[in-house]
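Chemist: Following this message is one structure expressed as structure tokens.
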Amino acid sequence: MFPDELVAELEEIRSCFPVAKAAMVPVLRRVQEDRGWIDPEARDWVAEFLSVTKMEVHEVATFYPMLYTEPVGKHVIHVCRTLSCDVCGARELWAHLEKKLKVERGGTTEDGRFTLKSAECLASCGTAPVMLIDNERHENLSLAEVDKLLEATK
Amino acid sequence: MKASTVISGRFDTKNSQSIETYRKDGGYETWSTVLDEKRDPDSLIDEVKASGLRGRGGAGFSTGMKWSFVPKQTDKPKYLCVNGDESEPGTFKDRQILEFDPHQLLEGVALTCYAVQAHTAYIYLRCEFKLGIATVKAAIKEAYEAGMFGKDIHGSGFDLDVSVTIGAGAYICGEETSLLNSIEGVRPYPRNKPPFPAVEGLFGCPTVINNVETIANIPHIIKNGAEWHTKLGCPEDPGSRLWGISGHVAKPRWVELETGYKLQDLIDGPCGGIRKGHTLKAIIPGGSSSKVLLPDQVARVTMDTPGIRAEGSSLGSAAIIVLDDSVCMVDAVLNLMKFYAHESCGQCTPCREGTPWVVQVLQRIHSGKGRTVDMDLLLDIAHNMEGRTVCALADGACWPLTSIVKKFRHEFEAKIVAAPSATSSKVASA
């Protein structure tokens, strides 16, 4: 199901732990990087790869906000909504993004280009407001910079 | 207020992340000496115990004491887990260490493993730290290549394997036993204690779990000695810490200071005061899970464990969130309670049900539909959460909640009185 190169990488991750199951989160993240989300087929593959049941994978995959068990757009944007960002421009950022992308929190744009997700504190409170585009951090954002970033994210 | 460079001293060095510059600055010398002199591992534990170092993750427990709970005689392997899940709202200090001086952390990892005789260490980082993860992974590779990690290091017979593992955006995984379950690949619910991780932790084996900044302190303490460390800052809570200041100051930033300074001096000095045209309303001094301070408390509090305790709060993760007069405190606490409701893992009923209930009540007050009984209802819900759950997440939600409701009751009351439905609600509840 996956190219040999990726399987080799996953095997290396698995080898860091005394039990295969412990590679669960790193393996799921890596698989998600490849497929965009953890679809049922990928989940089943991971279960076999780590010698666990599908339900054990499901239990973990559905727990974490950064593991997606539903399809997402080509690019995923996370905007921090927690207090320090909230009082330093995140509200304006949210309003701007929702209007510009014509999408609500958690939704995906009509063309499938962006999914806009809410994130809890991203540990960039001194450089608020902050957002991630495909897990890449962008700090001290002005609305003009946000427009530029969106433009550059094809 | 005493500025310090114990942890951050190399952050501005060119290529500070590389082993080359780290060694040029004397890095790994302590680790090499410990190995070459075949130091008694217990002497390292004693040194750290005597240094007075408290954990930098939030709970502030004595690091040396924690290490000393690891059994000496055991057939099981021992583990070190470094907690880099940094997600307490307001906190952005560990990230600086990961991104700017990873070898300082790695030398600390080596010394800690030696002290407790662990041969495997996992550095647990939240996956949103893309740069931090890449930087630490590259540093680990360098440390192996330089013979600082691996088998029979320096011919000492001591083996050490270090790797990075990741979380996926769950605040609860910063709770030490949840972190263990996260690494083990099961749903990361916190575990009941006892057994404590030092006795039965990762894979059922003795495990030390320390915060990134705590571990980064270790090379300095072993190098300079416990006595040196006890002389930094406040004698009862010594050391140098990275403080993160966010919110409504002119210059939000991190800064390294010895403990025992005046919070007001930090706000007025390095942070440039409250942003122009506004006045201070409140400060949350130790990450969102600490109790709020009013301006008169801010004016007199010293930032060390005894000083902040005298004001009824805690230093937590040294994350200082400053709120000025533009902030509605009902709004602010609603924001925080949404965080706890979202991050509650759902294992314990009081937290799973209590945190969203609090959000619901706050939303009602905030939207002008509050009832006069709602403030007492909030305190009652908090009373039924605090201390009644497996981990401290519910406590962490209750502390800002109850302190804000009590100290800013007038703001809640104003919202309720202003509500058109207030009169009828009063009648209904009477």
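Lettering and numbering for the structure tokens are positional, with chains as A, B, ... in the shown order, residues counted from 1 in each chain, and ligands counted from 1 in the shown order.
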List as a Markdown table every residue of chain A that is in contact with chain B, defined as an atom at most 8 Å from one of its atoms (using only C-alpha atoms), together with the nearest atom pair and the distance in Å rounded to one decimal, sorted by chain and then rising number.
Modeler:
```
| residue | atom | partner | partner_atom | distance |
| --- | --- | --- | --- | --- |
| A:Cys16 | CA | B:Ser163 | CA | 7.0 |
| A:Lys21 | CA | B:Gly185 | CA | 5.4 |
| A:Ala22 | CA | B:Glu184 | CA | 4.2 |
| A:Ala23 | CA | B:Gly185 | CA | 6.5 |
| A:Met24 | CA | B:Gly185 | CA | 4.9 |
| A:Val25 | CA | B:Gly185 | CA | 6.5 |
| A:Pro26 | CA | B:Ile166 | CA | 5.9 |
| A:Arg29 | CA | B:Ala168 | CA | 7.7 |
| A:Glu56 | CA | B:Val186 | CA | 7.2 |
| A:Glu59 | CA | B:Arg187 | CA | 6.0 |
| A:Val60 | CA | B:Arg187 | CA | 5.0 |
| A:Phe63 | CA | B:Arg187 | CA | 6.9 |
| A:Tyr64 | CA | B:Ala168 | CA | 5.5 |
| A:Pro65 | CA | B:Gly169 | CA | 5.5 |
| A:Met66 | CA | B:Ala168 | CA | 4.8 |
| A:Leu67 | CA | B:Ala168 | CA | 6.5 |
| A:Thr82 | CA | B:Asn335 | CA | 6.4 |
| A:Leu83 | CA | B:Asn335 | CA | 6.1 |
| A:Ser84 | CA | B:Gly247 | CA | 5.1 |
| A:Cys85 | CA | B:Gly247 | CA | 7.6 |
| A:Val87 | CA | B:Gly247 | CA | 6.5 |
| A:Cys88 | CA | B:Gly247 | CA | 6.4 |
| A:Glu120 | CA | B:Phe339 | CA | 6.6 |
| A:Cys121 | CA | B:Pro89 | CA | 5.3 |
| A:Leu122 | CA | B:Ser87 | CA | 6.6 |
| A:Ala123 | CA | B:Phe92 | CA | 4.5 |
| A:Ser124 | CA | B:Phe92 | CA | 5.7 |
| A:Cys125 | CA | B:Gly90 | CA | 5.5 |
| A:Gly126 | CA | B:Ser246 | CA | 4.7 |
| A:Thr127 | CA | B:Pro252 | CA | 7.1 |
| A:Asn135 | CA | B:Glu128 | CA | 5.9 |
| A:Glu136 | CA | B:Lys130 | CA | 6.9 |
```
Chemist: List the spatial neighbours of B:Ile365 as a VMD selection string - criterion: any atom at most 8 Å away, only C-alpha atoms, same-chain residues fewer than 6 positions off excluded.
Modeler: chain B and resid 330 371 374 412 415 to 416
Chemist: For those residues, write all heavy atoms to a file as a compact mmCIF listing (two decimals), in the first residue's frame.
Modeler:
```txt
# COMPACT_ATOMS: atom_id res chain seq x y z
N VAL B 330 -15.26 37.98 32.13
CA VAL B 330 -16.19 36.88 31.83
C VAL B 330 -15.76 36.23 30.51
O VAL B 330 -15.68 35.00 30.37
CB VAL B 330 -17.65 37.38 31.73
CG1 VAL B 330 -18.59 36.24 31.38
CG2 VAL B 330 -18.07 38.05 33.03
N ARG B 371 -28.24 34.19 35.18
CA ARG B 371 -29.12 34.28 36.35
C ARG B 371 -28.27 34.61 37.57
O ARG B 371 -27.08 34.29 37.60
CB ARG B 371 -29.82 32.94 36.56
CG ARG B 371 -30.54 32.44 35.30
CD ARG B 371 -30.98 31.01 35.46
NE ARG B 371 -29.89 30.13 35.85
CZ ARG B 371 -30.02 28.84 36.16
NH1 ARG B 371 -31.21 28.29 36.12
NH2 ARG B 371 -28.98 28.12 36.51
N ASP B 374 -26.06 31.99 38.99
CA ASP B 374 -25.03 31.36 38.16
C ASP B 374 -23.62 31.45 38.73
O ASP B 374 -22.81 30.53 38.54
CB ASP B 374 -25.07 31.95 36.74
CG ASP B 374 -26.17 31.32 35.90
OD1 ASP B 374 -26.67 30.25 36.30
OD2 ASP B 374 -26.53 31.90 34.86
N PHE B 412 -19.23 39.97 36.61
CA PHE B 412 -20.27 38.97 36.34
C PHE B 412 -21.64 39.56 36.68
O PHE B 412 -22.59 39.44 35.92
CB PHE B 412 -20.02 37.69 37.15
CG PHE B 412 -18.84 36.89 36.68
CD1 PHE B 412 -17.54 37.31 36.93
CD2 PHE B 412 -19.01 35.71 35.99
CE1 PHE B 412 -16.44 36.58 36.50
CE2 PHE B 412 -17.93 34.96 35.55
CZ PHE B 412 -16.64 35.40 35.81
N LYS B 415 -23.01 42.00 34.18
CA LYS B 415 -23.57 41.33 32.99
C LYS B 415 -24.97 40.81 33.28
O LYS B 415 -25.84 40.81 32.43
CB LYS B 415 -22.67 40.17 32.57
CG LYS B 415 -21.44 40.62 31.85
CD LYS B 415 -21.24 39.81 30.58
CE LYS B 415 -20.09 40.34 29.79
NZ LYS B 415 -20.48 40.96 28.54
N ILE B 416 -25.12 40.30 34.51
CA ILE B 416 -26.41 39.69 34.84
C ILE B 416 -27.48 40.76 35.08
O ILE B 416 -28.59 40.66 34.58
CB ILE B 416 -26.25 38.77 36.07
CG1 ILE B 416 -25.45 37.54 35.65
CG2 ILE B 416 -27.60 38.34 36.62
CD1 ILE B 416 -24.95 36.68 36.78
```
Chemist: Give the alpha helix (DSSP H) residues of stretch 37-125 of chain A, as DSSP finds them on the backbone, and put them as a ChimeraX atom specification.
Modeler: /A:40-49,54-61,83-85,91-101
Chemist: DSSP says strand (DSSP E or B) for which residues of stretch 152-358 of chain B? Put them as JSON, numbers by chain?
Modeler: {"B": [160, 161, 162, 163, 164, 165, 166, 167, 207, 208, 209, 210, 211, 240, 241, 242, 243, 244, 245, 246, 247, 249, 253, 254, 255, 256, 257, 258, 261, 262, 274, 280, 281, 282, 283, 284, 293, 302, 303, 319, 320, 321, 322, 323, 324]}
Chemist: Could those selected residues go to a file with N, CA and C atoms, as a compact mmCIF listing (two decimals), in the first residue's frame?
Modeler:
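As a result, again.txt now contains:
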```
# COMPACT_ATOMS: atom_id res chain seq x y z
N LEU B 160 23.66 4.18 26.08
CA LEU B 160 22.53 5.11 26.11
C LEU B 160 21.93 5.30 24.72
N ASP B 161 20.63 5.04 24.62
CA ASP B 161 19.91 5.32 23.38
C ASP B 161 18.89 6.42 23.62
N VAL B 162 18.90 7.39 22.71
CA VAL B 162 18.00 8.54 22.84
C VAL B 162 17.22 8.70 21.54
N SER B 163 15.92 8.85 21.62
CA SER B 163 15.15 9.14 20.41
C SER B 163 14.00 10.09 20.71
N VAL B 164 13.49 10.65 19.62
CA VAL B 164 12.36 11.58 19.74
C VAL B 164 11.08 10.82 19.45
N THR B 165 10.06 11.04 20.24
CA THR B 165 8.74 10.55 19.87
C THR B 165 7.79 11.74 19.97
N ILE B 166 6.61 11.58 19.39
CA ILE B 166 5.77 12.77 19.27
C ILE B 166 4.36 12.57 19.82
N GLY B 167 3.78 13.70 20.18
CA GLY B 167 2.37 13.75 20.53
C GLY B 167 1.61 14.28 19.33
N THR B 207 10.60 4.79 35.78
CA THR B 207 10.70 5.86 34.77
C THR B 207 10.78 7.23 35.44
N VAL B 208 11.71 8.04 34.94
CA VAL B 208 11.75 9.44 35.35
C VAL B 208 11.15 10.28 34.24
N ILE B 209 10.26 11.19 34.60
CA ILE B 209 9.68 12.10 33.61
C ILE B 209 10.02 13.52 34.06
N ASN B 210 10.75 14.24 33.23
CA ASN B 210 11.12 15.61 33.57
C ASN B 210 10.83 16.54 32.39
N ASN B 211 10.51 17.76 32.72
CA ASN B 211 10.28 18.79 31.72
C ASN B 211 11.58 19.16 30.99
N SER B 240 17.41 29.73 37.89
CA SER B 240 17.21 30.68 36.82
C SER B 240 16.14 30.09 35.91
N ARG B 241 15.16 30.90 35.53
CA ARG B 241 14.07 30.34 34.73
C ARG B 241 13.80 31.17 33.49
N LEU B 242 13.25 30.51 32.48
CA LEU B 242 12.76 31.23 31.31
C LEU B 242 11.31 31.60 31.57
N TRP B 243 11.03 32.90 31.58
CA TRP B 243 9.69 33.40 31.84
C TRP B 243 9.10 33.87 30.53
N GLY B 244 7.88 33.47 30.28
CA GLY B 244 7.21 33.91 29.05
C GLY B 244 6.14 34.92 29.39
N ILE B 245 6.21 36.10 28.80
CA ILE B 245 5.22 37.12 29.10
C ILE B 245 4.43 37.40 27.82
N SER B 246 3.13 37.21 27.91
CA SER B 246 2.29 37.41 26.74
C SER B 246 1.09 38.28 27.11
N GLY B 247 0.35 38.67 26.11
CA GLY B 247 -0.82 39.51 26.35
C GLY B 247 -0.50 40.98 26.19
N VAL B 249 1.27 43.55 27.23
CA VAL B 249 2.42 44.40 27.56
C VAL B 249 2.94 45.00 26.25
N ARG B 253 7.39 38.81 25.37
CA ARG B 253 8.71 38.21 25.12
C ARG B 253 8.96 37.09 26.12
N TRP B 254 10.05 36.37 25.91
CA TRP B 254 10.55 35.52 26.98
C TRP B 254 11.78 36.22 27.55
N VAL B 255 12.08 35.94 28.79
CA VAL B 255 13.28 36.52 29.39
C VAL B 255 13.78 35.55 30.47
N GLU B 256 15.09 35.43 30.58
CA GLU B 256 15.63 34.57 31.64
C GLU B 256 15.99 35.41 32.85
N LEU B 257 15.44 35.05 33.99
CA LEU B 257 15.70 35.77 35.23
C LEU B 257 15.86 34.78 36.37
N GLU B 258 16.65 35.16 37.33
CA GLU B 258 16.71 34.36 38.56
C GLU B 258 15.38 34.53 39.29
N TYR B 261 12.37 37.86 41.84
CA TYR B 261 12.28 39.26 41.40
C TYR B 261 10.85 39.76 41.63
N LYS B 262 10.69 41.04 41.50
CA LYS B 262 9.36 41.65 41.63
C LYS B 262 8.65 41.59 40.27
N ILE B 274 2.48 48.19 30.51
CA ILE B 274 1.22 47.84 29.85
C ILE B 274 1.13 48.63 28.55
N LEU B 280 -3.37 48.09 33.81
CA LEU B 280 -3.40 46.66 34.13
C LEU B 280 -4.71 46.28 34.81
N LYS B 281 -5.26 45.16 34.38
CA LYS B 281 -6.46 44.65 35.06
C LYS B 281 -6.15 43.39 35.87
N ALA B 282 -5.42 42.48 35.29
CA ALA B 282 -5.15 41.21 35.97
C ALA B 282 -3.97 40.50 35.32
N ILE B 283 -3.31 39.64 36.10
CA ILE B 283 -2.24 38.81 35.55
C ILE B 283 -2.45 37.36 35.98
N ILE B 284 -2.36 36.48 35.02
CA ILE B 284 -2.36 35.05 35.32
C ILE B 284 -0.88 34.65 35.33
N LEU B 293 -4.04 37.16 39.58
CA LEU B 293 -3.58 38.19 40.51
C LEU B 293 -4.17 39.55 40.11
N THR B 302 6.65 38.73 44.83
CA THR B 302 7.95 38.33 44.30
C THR B 302 7.77 36.97 43.63
N MET B 303 8.48 36.78 42.52
CA MET B 303 8.29 35.60 41.70
C MET B 303 9.21 34.46 42.14
N ALA B 319 4.59 31.08 32.97
CA ALA B 319 3.94 31.75 31.84
C ALA B 319 3.03 32.85 32.38
N ILE B 320 3.39 34.07 32.07
CA ILE B 320 2.72 35.24 32.65
C ILE B 320 1.81 35.87 31.60
N ILE B 321 0.50 35.77 31.82
CA ILE B 321 -0.45 36.32 30.85
C ILE B 321 -1.01 37.62 31.42
N VAL B 322 -0.75 38.70 30.70
CA VAL B 322 -1.11 40.04 31.18
C VAL B 322 -2.38 40.52 30.49
N LEU B 323 -3.35 40.93 31.29
CA LEU B 323 -4.62 41.40 30.73
C LEU B 323 -4.86 42.85 31.16
N ASP B 324 -5.16 43.71 30.19
CA ASP B 324 -5.39 45.12 30.53
C ASP B 324 -6.88 45.43 30.62
```
Chemist: I'd like the neighbourhood of stretch 31-47 of chain A as a list in words, where a residue qualifies if any of its atoms comes within 7 Å (using only C-alpha atoms), though same-chain residues fewer than 4 positions away should be ignored.
Modeler: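 My list of contacting residues is Val27, Ser51, Val52, Thr53, Lys54, Val57, Tyr68, Thr69, Glu70, Pro71 and Val72 of chain A.
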Chemist: Would you export the selected residues with C-alpha atoms as a PDB file, in the first residue's frame, please?
Modeler:
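Saved to selection.pdb:
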```
ATOM      1  CA  VAL A  27       3.450   6.072  12.620  1.00  0.00           C
ATOM      2  CA  SER A  51       0.284  -6.124  15.432  1.00  0.00           C
ATOM      3  CA  VAL A  52      -2.705  -4.547  17.168  1.00  0.00           C
ATOM      4  CA  THR A  53      -6.457  -4.558  16.483  1.00  0.00           C
ATOM      5  CA  LYS A  54      -8.118  -2.002  14.246  1.00  0.00           C
ATOM      6  CA  VAL A  57      -5.688   2.161  16.276  1.00  0.00           C
ATOM      7  CA  TYR A  68      -7.488  13.411  11.194  1.00  0.00           C
ATOM      8  CA  THR A  69     -10.033  10.640  10.875  1.00  0.00           C
ATOM      9  CA  GLU A  70     -12.058  12.682   8.394  1.00  0.00           C
ATOM     10  CA  PRO A  71     -10.807  13.953   5.033  1.00  0.00           C
ATOM     11  CA  VAL A  72      -9.228  17.417   5.005  1.00  0.00           C
TER      12      VAL A  72
END
```
Chemist: Would you please work out which residue, of B:Thr389, B:Lys193, B:Gly55, B:Leu294, is nearest to B:Thr279 when using only C-alpha atoms?
Modeler: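 Closest residue, counting only C-alpha atoms: B:Leu294.
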Chemist: Please indicate the distance in Å from atom CA of B:Ala139 to atom CA of B:Arg23, rounded to one decimal place.
Modeler: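 We find that atom CA of B:Ala139 and atom CA of B:Arg23 lie 12.3 Å from each other.
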Chemist: Identify which of the residues B:Val292, B:Ile19, B:Ala394, B:Leu378 lies closest to B:Ala341, counting only C-alpha atoms when measuring atom-to-atom distances.
Modeler: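 Closest residue, counting only C-alpha atoms: B:Ala394.
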Chemist: Give me the residues near A:Leu141 as number ranges by chain, where near means some atom within 8 Å (using only C-alpha atoms) and where sequence neighbours in that chain fewer than 2 positions away do not count.
Modeler: A: 128-130, 138-139, 143, 145-146
Chemist: Mind giving me the straight-line distance from atom CA of B:Thr259 to atom CA of B:Pro238 in Å, one decimal?
Modeler: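 If I compute the distance from atom CA of B:Thr259 to atom CA of B:Pro238, I get 6.3 Å.
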Chemist: Atom CA of B:Thr5 to atom CA of B:Thr214: how many Å, to one decimal?
Modeler: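 Computed distance, atom CA of B:Thr5 to atom CA of B:Thr214, equals 14.9 Å.
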